[in-house]
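I have placed the structure first, in the form of structure tokens, so that the comments after it can refer back to it.
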Amino acid sequence: MILFPAIDLKDGQCVRLKLGDMQQATVYNADPAAQAKAFEDQGFEWLHVVDLNGAFAGESVNGAAVEAILKATKNPVQLGGGIRTLDHIEAWLSKGLARVILGTVAVRDPELVKQACKQFPGKIAVGIDAKGGKVAVEGWAEASSLGVIELAQKFEGAGVSAIIYTDIDRDGILAGINWASTIDLAEAVSIPVIASGGLASIADIVRLTMPDAQKLEGAISGRALYDGRIDPREALAVLRGEAAGATGL
């Protein structure tokens with residue numbers, strides 16, 4: 001079970017949004033590379049990065065910040081936000097990314113995702129962002145008519161390495177992960193699912209260790225880490241099975 005600390009990039013800075021609203025951004029670190037190194041030093045083994053400007057623009061906008069992050073950490077990095085073409089995927093993977101996350105293009109052009117999986121095996125994840133149970137695209141600014149499971153099942157057998165499932169209605173407000181929808185998705189597909197959106201406290205970390213959550217690859221944490229609501233060492237110890245009793249749950 002992997003806990004992915006999140007670095008969301010807006011205008012070159014490390015921020016967190018509230019409910020996916022670019023106008024409700026809190027800056028947590030003006031130096032994303034330093035933040036990446038701090039997460040590594042705290043014991044995290046992966047890093048989740050999103051180019052927020054890129055998600056809206058449909059192309060990489062915070063490329064310099066991402067490259068600085070890749071130089072600053074030895075941890076594998078997965079990146080999403082504005083990656084829409086095979087050339088773009090190849091360019092990022094050549095810079096050392098472990099995994100590219102395809103979101104909007106997974107809705108618009110599922111065949112491109114399948115082609116990317118063949119061309120770059122093990123390197124392609126799909127980001128499914130949902131609002132009211134329907135898939136959202138273009139940096140969450142636009143809703144589609146697709147259901148979450150309906151979209152995910154399009155990629156069964158294609159070689160997608162993971163699905164990052166974000167409940168926008170919970171993102172950045174510390175309301176707790178939408179466990180029911182996340183586990184329903186994990187049970188509906190054979191692709192590993194990563195929970196995202198709303199992780200709020202050590203109780204959510206403990207929830208990850210429960211039997212029905214074992215299907216998940218892990219979860220992403222942003223605001224709860226930055227605000228100090230989750231202690232990194234305690235969270236990682238819980239996931240290793242070393243500190244479940246310390247939570248009182």
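Going through the structure tokens in order, the chains are called A, B, and so on, while each chain numbers its residues from 1 and the ligands are numbered from 1 in the order shown.
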
Checklist entry - Excluding same-chain residues fewer than 6 positions from Phe39 of chain A, what lies within 9 Å of it counting only C-alpha atoms, as a PyMOL selection string? => result chain A and resi 5+45-47+73+232

Those same residues, written as a short mmCIF file (atom, residue, chain, number, x, y, z; two decimals), in the first residue's frame with C-alpha atoms?
```cif
data_model
loop_
_atom_site.label_atom_id
_atom_site.label_comp_id
_atom_site.auth_asym_id
_atom_site.auth_seq_id
_atom_site.Cartn_x
_atom_site.Cartn_y
_atom_site.Cartn_z
CA PRO A 5 2.35 12.76 -1.29
CA GLU A 45 8.76 6.30 -1.73
CA TRP A 46 6.69 7.82 -4.55
CA LEU A 47 5.61 11.31 -5.60
CA THR A 73 14.37 13.45 -5.65
CA PRO A 232 4.25 11.22 7.78
#
```

Checklist entry - Of the residues A:Asp129, A:Asp167, A:Asp11, A:Asp41, which is the one nearest to Leu151 of chain A, using only C-alpha atoms? => result A:Asp129

Next on the checklist: I need the residue nearest Ile124 of chain A from this list: A:Val61, A:Val189, A:Ala106, A:Ala200. Use only C-alpha atoms for the distance.
Outcome noted: A:Ala106

Checklist entry - Residues at most 9 Å from Val105 of chain A, counting only C-alpha atoms, excluding those fewer than 6 positions away in the same chain, as an MDAnalysis selection string? => result chainID A and resid 82:85 112:113 137

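Taking atom CA of Asn62 of chain A and atom CA of Gly96 of chain A as the two end points, the separation is 15.7 Å.
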